[in-house]
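K.L.:
What follows is start_17.csv; its format and atoms are CSV, C-alpha atoms and all ligand atoms.
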chain,number,residue,atom,x,y,z
D,444,MET,CA,14.0,-54.0,8.5
D,445,LYS,CA,11.5,-51.7,10.3
D,446,LYS,CA,13.0,-49.3,12.8
D,447,ARG,CA,12.9,-50.7,16.4
D,448,PHE,CA,12.2,-48.8,19.6
D,449,ILE,CA,13.5,-50.2,22.9
D,450,ILE,CA,12.4,-48.2,25.9
D,451,ALA,CA,13.7,-48.8,29.4
D,452,ASN,CA,11.4,-47.9,32.2
D,453,TRP,CA,13.4,-47.9,35.4
D,454,LYS,CA,10.3,-47.1,37.6
D,455,SER,CA,11.3,-46.4,41.2
D,456,TYR,CA,14.6,-48.3,41.1
D,457,LYS,CA,18.3,-47.5,41.4
D,458,THR,CA,20.6,-45.2,43.4
D,459,VAL,CA,23.3,-42.8,42.1
D,460,PRO,CA,26.1,-45.4,42.4
D,461,GLU,CA,23.9,-47.9,40.6
D,462,VAL,CA,23.1,-45.5,37.8
D,463,HIS,CA,26.8,-44.9,37.3
D,464,GLU,CA,27.5,-48.6,37.3
D,465,TRP,CA,24.8,-49.1,34.6
D,466,LEU,CA,26.2,-46.3,32.4
D,467,ARG,CA,29.8,-47.5,32.8
D,468,ALA,CA,28.6,-51.0,31.7
D,469,MET,CA,27.2,-49.4,28.6
D,470,VAL,CA,30.5,-47.8,27.9
D,471,ASP,CA,32.5,-50.9,28.6
D,472,ALA,CA,30.3,-53.0,26.4
D,473,GLU,CA,31.0,-50.5,23.7
D,474,LEU,CA,27.3,-49.7,23.1
D,475,LYS,CA,28.4,-47.0,20.7
D,476,ASN,CA,30.0,-49.6,18.4
D,477,LEU,CA,26.8,-51.6,18.0
D,478,ASN,CA,24.9,-50.9,14.8
D,479,LEU,CA,22.0,-48.9,16.2
D,480,GLU,CA,21.1,-47.0,13.0
D,481,GLU,CA,17.8,-48.8,12.9
D,482,LYS,CA,17.2,-48.8,16.6
D,483,ASP,CA,16.1,-46.1,19.0
D,484,ILE,CA,17.1,-46.8,22.6
D,485,ILE,CA,15.3,-44.6,25.1
D,486,VAL,CA,16.0,-44.8,28.8
D,487,CYS,CA,13.5,-43.4,31.4
D,488,PRO,CA,15.2,-43.1,34.8
D,489,PRO,CA,13.7,-41.6,38.0
D,490,TYR,CA,13.5,-37.8,37.8
D,491,LEU,CA,16.5,-37.2,40.0
D,492,TYR,CA,18.9,-39.1,37.8
D,493,ILE,CA,18.0,-37.4,34.5
D,494,PRO,CA,20.6,-34.6,34.7
D,495,ILE,CA,23.3,-37.0,35.7
D,496,MET,CA,22.5,-39.3,32.8
D,497,ARG,CA,22.2,-36.4,30.4
D,498,ALA,CA,25.7,-35.3,31.2
D,499,PHE,CA,27.2,-38.8,31.1
D,500,ILE,CA,25.5,-39.7,27.8
D,501,ASP,CA,26.7,-36.4,26.2
D,502,ASP,CA,30.2,-36.7,27.5
D,503,HIS,CA,30.6,-40.3,26.3
D,504,VAL,CA,28.5,-39.8,23.1
D,505,LEU,CA,26.4,-42.8,24.0
D,506,PRO,CA,23.6,-43.6,21.5
D,507,LEU,CA,20.9,-43.4,24.1
D,508,LYS,CA,17.9,-41.0,24.2
D,509,LEU,CA,16.4,-39.9,27.5
D,510,GLY,CA,12.8,-40.0,28.6
D,511,ILE,CA,10.9,-39.0,31.7
D,512,GLN,CA,8.5,-41.4,33.4
D,513,ASP,CA,5.6,-38.9,33.8
D,514,ILE,CA,5.0,-35.2,33.2
D,515,SER,CA,2.8,-32.6,34.8
D,516,GLN,CA,-0.3,-31.6,32.8
D,517,PHE,CA,0.2,-28.1,34.1
D,518,GLY,CA,2.8,-25.5,33.1
D,519,GLU,CA,5.0,-23.5,35.3
D,520,GLY,CA,3.4,-22.5,38.6
D,521,SER,CA,2.5,-23.5,42.1
D,522,TYR,CA,2.2,-27.2,41.7
D,523,THR,CA,4.3,-28.8,44.4
D,524,GLY,CA,6.1,-31.9,43.3
D,525,ALA,CA,5.4,-31.5,39.6
D,526,ILE,CA,7.9,-31.4,36.7
D,527,ASN,CA,6.6,-29.4,33.7
D,528,VAL,CA,7.3,-29.8,30.0
D,529,LYS,CA,9.6,-26.8,29.9
D,530,GLN,CA,11.8,-28.3,32.6
D,531,ALA,CA,11.7,-31.8,31.2
D,532,GLY,CA,12.5,-30.5,27.7
D,533,GLU,CA,15.9,-29.3,28.9
D,534,PHE,CA,16.9,-32.9,29.3
D,535,VAL,CA,14.7,-35.4,27.5
D,536,SER,CA,13.1,-36.1,24.2
D,537,HIS,CA,10.4,-38.5,25.3
D,538,ALA,CA,7.9,-39.0,28.2
D,539,ILE,CA,5.9,-42.0,29.3
D,540,VAL,CA,2.3,-41.1,30.1
D,541,GLY,CA,-0.8,-43.1,31.2
D,542,HIS,CA,1.2,-46.0,32.7
D,543,SER,CA,-1.2,-48.4,34.5
D,544,GLU,CA,0.9,-47.9,37.7
D,545,ARG,CA,0.3,-44.1,37.6
D,546,ARG,CA,-3.4,-44.7,37.1
D,547,LYS,CA,-3.6,-47.3,39.8
D,548,TYR,CA,-1.4,-45.8,42.6
D,549,PHE,CA,-1.6,-42.1,41.7
D,550,TYR,CA,-5.3,-42.1,40.5
D,551,GLU,CA,-4.6,-40.5,37.1
D,552,THR,CA,-7.7,-40.1,35.1
D,553,ASP,CA,-8.3,-40.2,31.3
D,554,ALA,CA,-8.5,-36.4,31.3
D,555,ASP,CA,-5.2,-36.1,33.0
D,556,VAL,CA,-3.5,-38.4,30.6
D,557,LEU,CA,-5.0,-36.7,27.5
D,558,ALA,CA,-3.9,-33.3,28.9
D,559,LYS,CA,-0.4,-34.6,29.3
D,560,VAL,CA,-0.3,-35.9,25.8
D,561,LYS,CA,-1.4,-32.5,24.5
D,562,THR,CA,1.2,-30.5,26.5
D,563,LEU,CA,3.9,-32.8,25.4
D,564,VAL,CA,3.1,-32.6,21.7
D,565,GLU,CA,2.8,-28.9,21.9
D,566,ASN,CA,6.3,-28.8,23.4
D,567,HIS,CA,7.9,-31.3,21.0
D,568,ILE,CA,8.4,-34.1,23.5
D,569,THR,CA,7.3,-37.4,22.2
D,570,PRO,CA,4.6,-39.0,24.4
D,571,ILE,CA,5.0,-42.7,25.0
D,572,LEU,CA,1.3,-43.5,25.7
D,573,CYS,CA,0.6,-46.8,27.5
D,574,ILE,CA,-2.8,-48.4,26.7
D,575,SER,CA,-3.9,-51.1,29.1
D,576,ASP,CA,-6.6,-52.5,26.8
D,577,ILE,CA,-8.7,-51.5,23.9
D,578,LYS,CA,-11.6,-50.3,26.1
D,579,GLN,CA,-9.2,-47.8,27.6
D,580,LEU,CA,-8.4,-46.5,24.1
D,581,GLU,CA,-12.1,-46.3,23.4
D,582,PHE,CA,-12.6,-44.0,26.4
D,583,TYR,CA,-9.7,-41.8,25.3
D,584,LEU,CA,-11.1,-41.5,21.8
D,585,LYS,CA,-14.6,-40.6,23.2
D,586,GLU,CA,-13.1,-37.9,25.4
D,587,ASP,CA,-10.9,-36.0,22.9
D,588,THR,CA,-9.5,-36.1,19.4
D,589,VAL,CA,-5.9,-35.4,20.3
D,590,LEU,CA,-4.8,-39.0,19.9
D,591,VAL,CA,-6.2,-39.0,16.3
D,592,ASP,CA,-5.0,-35.5,15.5
D,593,GLN,CA,-1.5,-36.0,16.8
D,594,ALA,CA,-1.2,-39.8,16.1
D,595,SER,CA,2.0,-39.4,14.1
D,596,GLU,CA,3.7,-37.7,17.0
D,597,ILE,CA,2.9,-40.4,19.6
D,598,ILE,CA,4.4,-43.7,20.4
D,599,PHE,CA,1.6,-46.1,21.5
D,600,VAL,CA,2.4,-49.0,23.8
D,601,TYR,CA,0.0,-51.9,24.2
D,602,GLU,CA,0.7,-52.9,27.8
D,603,PRO,CA,-1.8,-55.1,29.6
D,604,PRO,CA,-1.3,-54.7,33.4
D,605,SER,CA,-1.6,-58.5,34.0
D,606,ALA,CA,1.6,-58.9,31.9
D,607,ILE,CA,3.7,-56.5,33.9
D,608,SER,CA,6.3,-58.2,36.0
D,609,GLY,CA,6.1,-56.0,39.0
D,610,GLY,CA,4.3,-58.5,41.2
D,611,GLY,CA,6.9,-61.1,40.5
D,612,ALA,CA,4.8,-63.0,37.9
D,613,PHE,CA,6.4,-63.1,34.5
D,614,HIS,CA,3.5,-63.7,32.2
D,615,ALA,CA,4.2,-61.8,28.9
D,616,GLU,CA,1.2,-61.6,26.6
D,617,THR,CA,1.3,-64.1,23.8
D,618,PRO,CA,2.9,-62.5,20.7
D,619,GLU,CA,-0.2,-63.3,18.7
D,620,ILE,CA,-2.5,-61.4,21.1
D,621,ALA,CA,0.0,-58.5,21.4
D,622,ASN,CA,0.2,-58.2,17.6
D,623,GLU,CA,-3.6,-58.3,17.3
D,624,SER,CA,-4.1,-55.7,19.9
D,625,ALA,CA,-1.4,-53.5,18.4
D,626,GLY,CA,-3.2,-53.8,15.1
D,627,LYS,CA,-6.5,-52.8,16.7
D,628,ILE,CA,-4.9,-49.6,18.1
D,629,SER,CA,-4.0,-48.5,14.5
D,630,GLU,CA,-7.5,-49.5,13.3
D,631,MET,CA,-9.2,-47.5,16.0
D,632,ILE,CA,-7.0,-44.4,15.4
D,633,GLY,CA,-7.8,-44.8,11.7
D,634,LYS,CA,-4.2,-45.0,10.4
D,635,GLN,CA,-1.1,-47.0,10.9
D,636,VAL,CA,0.5,-45.8,14.2
D,637,LEU,CA,3.8,-46.7,15.8
D,638,THR,CA,3.0,-49.3,18.5
D,639,LEU,CA,5.2,-51.2,20.9
D,640,TYR,CA,4.4,-54.0,23.3
D,641,GLY,CA,5.1,-53.9,27.1
D,642,GLY,CA,4.9,-56.4,29.9
D,643,SER,CA,7.6,-58.9,30.9
D,644,VAL,CA,9.7,-58.2,27.8
D,645,ASN,CA,13.1,-59.6,28.2
D,646,GLN,CA,16.2,-60.6,26.2
D,647,ASP,CA,14.8,-64.0,25.4
D,648,ASN,CA,11.3,-63.0,24.2
D,649,ILE,CA,11.9,-59.6,22.5
D,650,ALA,CA,12.5,-61.1,19.1
D,651,SER,CA,9.1,-62.9,19.2
D,652,PHE,CA,7.4,-59.5,19.5
D,653,VAL,CA,9.4,-57.2,17.3
D,654,THR,CA,9.3,-59.5,14.3
D,655,LEU,CA,5.5,-59.2,14.2
D,656,GLU,CA,3.8,-56.9,11.7
D,657,ASN,CA,2.2,-54.4,14.2
D,658,ILE,CA,4.9,-54.2,16.9
D,659,ALA,CA,7.9,-52.0,16.5
D,660,GLY,CA,9.6,-52.5,19.9
D,661,GLY,CA,9.2,-52.9,23.6
D,662,LEU,CA,8.7,-51.0,26.8
D,663,VAL,CA,10.9,-52.8,29.2
D,664,GLY,CA,10.9,-52.6,33.0
D,665,GLN,CA,12.7,-55.3,35.0
D,666,ALA,CA,14.9,-56.5,32.2
D,667,SER,CA,16.3,-53.0,31.6
D,668,LEU,CA,17.7,-52.6,35.1
D,669,ASP,CA,20.5,-55.0,34.6
D,670,ALA,CA,22.9,-53.5,32.0
D,671,GLN,CA,24.1,-56.9,30.6
D,672,LYS,CA,20.6,-58.2,30.1
D,673,PHE,CA,19.5,-54.9,28.6
D,674,MET,CA,22.4,-54.9,26.1
D,675,GLN,CA,21.5,-58.5,25.2
D,676,LEU,CA,17.9,-57.4,24.7
D,677,ILE,CA,19.0,-54.6,22.4
D,678,GLN,CA,21.1,-57.0,20.3
D,679,ASN,CA,18.2,-59.5,20.1
D,680,SER,CA,15.7,-56.9,19.0
K,701,LIG,P1,8.1,-55.1,33.1
K,701,LIG,O1,7.5,-53.7,33.1
K,701,LIG,O2,9.0,-55.2,31.8
K,701,LIG,O3,8.9,-55.2,34.3
K,701,LIG,O4,7.0,-56.1,33.0
K,701,LIG,C1,7.0,-53.0,32.0
K,701,LIG,C2,6.3,-51.7,32.3
K,701,LIG,O5,5.6,-51.7,33.3
K,701,LIG,O6,6.5,-50.7,31.6
Written as structure tokens, that's how I'd like the structure from this file.

P.N.:
Amino acid sequence: MKKRFIIANWKSYKTVPEVHEWLRAMVDAELKNLNLEEKDIIVCPPYLYIPIMRAFIDDHVLPLKLGIQDISQFGEGSYTGAINVKQAGEFVSHAIVGHSERRKYFYETDADVLAKVKTLVENHITPILCISDIKQLEFYLKEDTVLVDQASEIIFVYEPPSAISGGGAFHAETPEIANESAGKISEMIGKQVLTLYGGSVNQDNIASFVTLENIAGGLVGQASLDAQKFMQLIQNS
């Protein structure tokens, strides 16, 4: 069986008590007794909860990795509100970049996203790069060679914005189109790359994606917020 990657993207949800409740549920459900040898589970909470989660995961030896939802393209310095790679690297192994919500609401450009990928790779944090559509990837490839040069260090996610459940509409992409688009990403990069699918992934449909040739897992928003649903999703993947 190919290795599976399940990434929870909590976006701007949860409070401290809710974070503890979620983590407790993972302990109670004996997450550490699940056979996760062939699965990487990466949770990306809001910034403020990362240290709390790091301590809890370490204390309880939970088989969870931590990621950050975005990263500054700048290093240390006078950049109000920014978290840099050195700071993130003290707590996390992964970072989501180029999410369509960052591009839409925070006006991130192609150049910003590529600079983030570069600084992450240089600092040994794995970028989880969201690609909204193939055109988007074409723009990235025209602008810089980093995605090709560093392809083996990057987790690519095919995530069409129309499939994201944020607006209340749950319209996951069809597995066939998701698989085809994921395959196209490898084709355009010029080698087989690790690609996941994102957009309305849940415990009921995860298997229909991860069993396909070109998809190795899912980036999960809404369905990762509820600990029970997320556990079920991990088991079904
Ligand atoms: P969703 O979000 O699973 O709630 O659709 C996925 C994402 O935006 O990463």

K.L.:
Find the residues of region 545-662 of chain D that sit at most 7 Å from region 667-677 of chain D; for each, write down the nearest two atoms and how far apart they are in Å, to one decimal. Count all atoms listed in the file. Sort by chain, then by number going up, and give it as JSON lines.

P.N.:
{"residue": "D:Asn645", "atom": "CA", "partner": "D:Leu676", "partner_atom": "CA", "distance": 6.3}
{"residue": "D:Gln646", "atom": "CA", "partner": "D:Leu676", "partner_atom": "CA", "distance": 3.9}
{"residue": "D:Ile649", "atom": "CA", "partner": "D:Leu676", "partner_atom": "CA", "distance": 6.8}

K.L.:
Closest to His542 (chain D) among D:Pro488, D:Gly642, D:Gly524, D:Pro618, using only C-alpha atoms?

P.N.:
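Among the listed residues, D:Gly642 lies closest to His542 (chain D).
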
K.L.:
Is there a way to get, as a PDB file with C-alpha atoms, in the frame of the given file, all residues within 7 Å of the point (9.4, -43.4, 29.8) in file coordinates, counting only C-alpha atoms?

P.N.:
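And here is the file that came out, selection03.pdb:
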ATOM      1  CA  ILE D 450      12.400 -48.200  25.900  1.00  0.00           C
ATOM      2  CA  ALA D 451      13.700 -48.800  29.400  1.00  0.00           C
ATOM      3  CA  ASN D 452      11.400 -47.900  32.200  1.00  0.00           C
ATOM      4  CA  VAL D 486      16.000 -44.800  28.800  1.00  0.00           C
ATOM      5  CA  CYS D 487      13.500 -43.400  31.400  1.00  0.00           C
ATOM      6  CA  GLY D 510      12.800 -40.000  28.600  1.00  0.00           C
ATOM      7  CA  ILE D 511      10.900 -39.000  31.700  1.00  0.00           C
ATOM      8  CA  GLN D 512       8.500 -41.400  33.400  1.00  0.00           C
ATOM      9  CA  HIS D 537      10.400 -38.500  25.300  1.00  0.00           C
ATOM     10  CA  ALA D 538       7.900 -39.000  28.200  1.00  0.00           C
ATOM     11  CA  ILE D 539       5.900 -42.000  29.300  1.00  0.00           C
ATOM     12  CA  ILE D 571       5.000 -42.700  25.000  1.00  0.00           C
TER      13      ILE D 571
END

K.L.:
Using only C-alpha atoms, which residues sit within 9 Å of Ile484 (chain D) once same-chain residues fewer than 6 positions away are excluded, as a list of chain:residue names?

P.N.:
D:Arg447, D:Phe448, D:Ile449, D:Ile450, D:Ala451, D:Pro506, D:Leu507, D:Lys508, D:Leu509, D:Ile677

K.L.:
List all protein, DNA and RNA residues that have an atom no more than 6 Å from any atom of ligand LIG 701 (chain K), counting all atoms listed in the file, and report them as a list in words.

P.N.:
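These are the residues that qualify: Asn452, Ile607, Ser608, Gly609, Gly641, Gly642, Ser643, Val644, Leu662, Val663, Gly664 and Gln665 of chain D.
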
K.L.:
Rounded to one decimal place, report the CA of Val535 (chain D)-CA of His567 (chain D) distance in Å.

P.N.:
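These atoms are spaced 10.3 Å apart.
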
K.L.:
For the point (-2.6, -32.8, 29.6) in file coordinates, what residues are within 12 Å, counting all atoms listed in the file? Give the answer as a PyMOL selection string?

P.N.:
chain D and resi 513-518+527-528+540-541+551-566+570+587+589-590

K.L.:
Between D:Ser543, D:Thr617, D:Ser629, D:Ser595, which one has atoms that come closest to Cys573 (chain D), using all atoms listed in the file?

P.N.:
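The shortest atom-to-atom distance to Cys573 (chain D) comes from D:Ser543.
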
K.L.:
Pick out the closest residue to Thr588 (chain D) from this set: D:Thr654, D:Glu623, D:Met631, D:Ser455. Count only C-alpha atoms.

P.N.:
D:Met631

K.L.:
Quick one, how far is CA of Lys627 (chain D) from CA of Ala606 (chain D)?

P.N.:
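Separation of CA of Lys627 (chain D) and CA of Ala606 (chain D): 18.3 Å.
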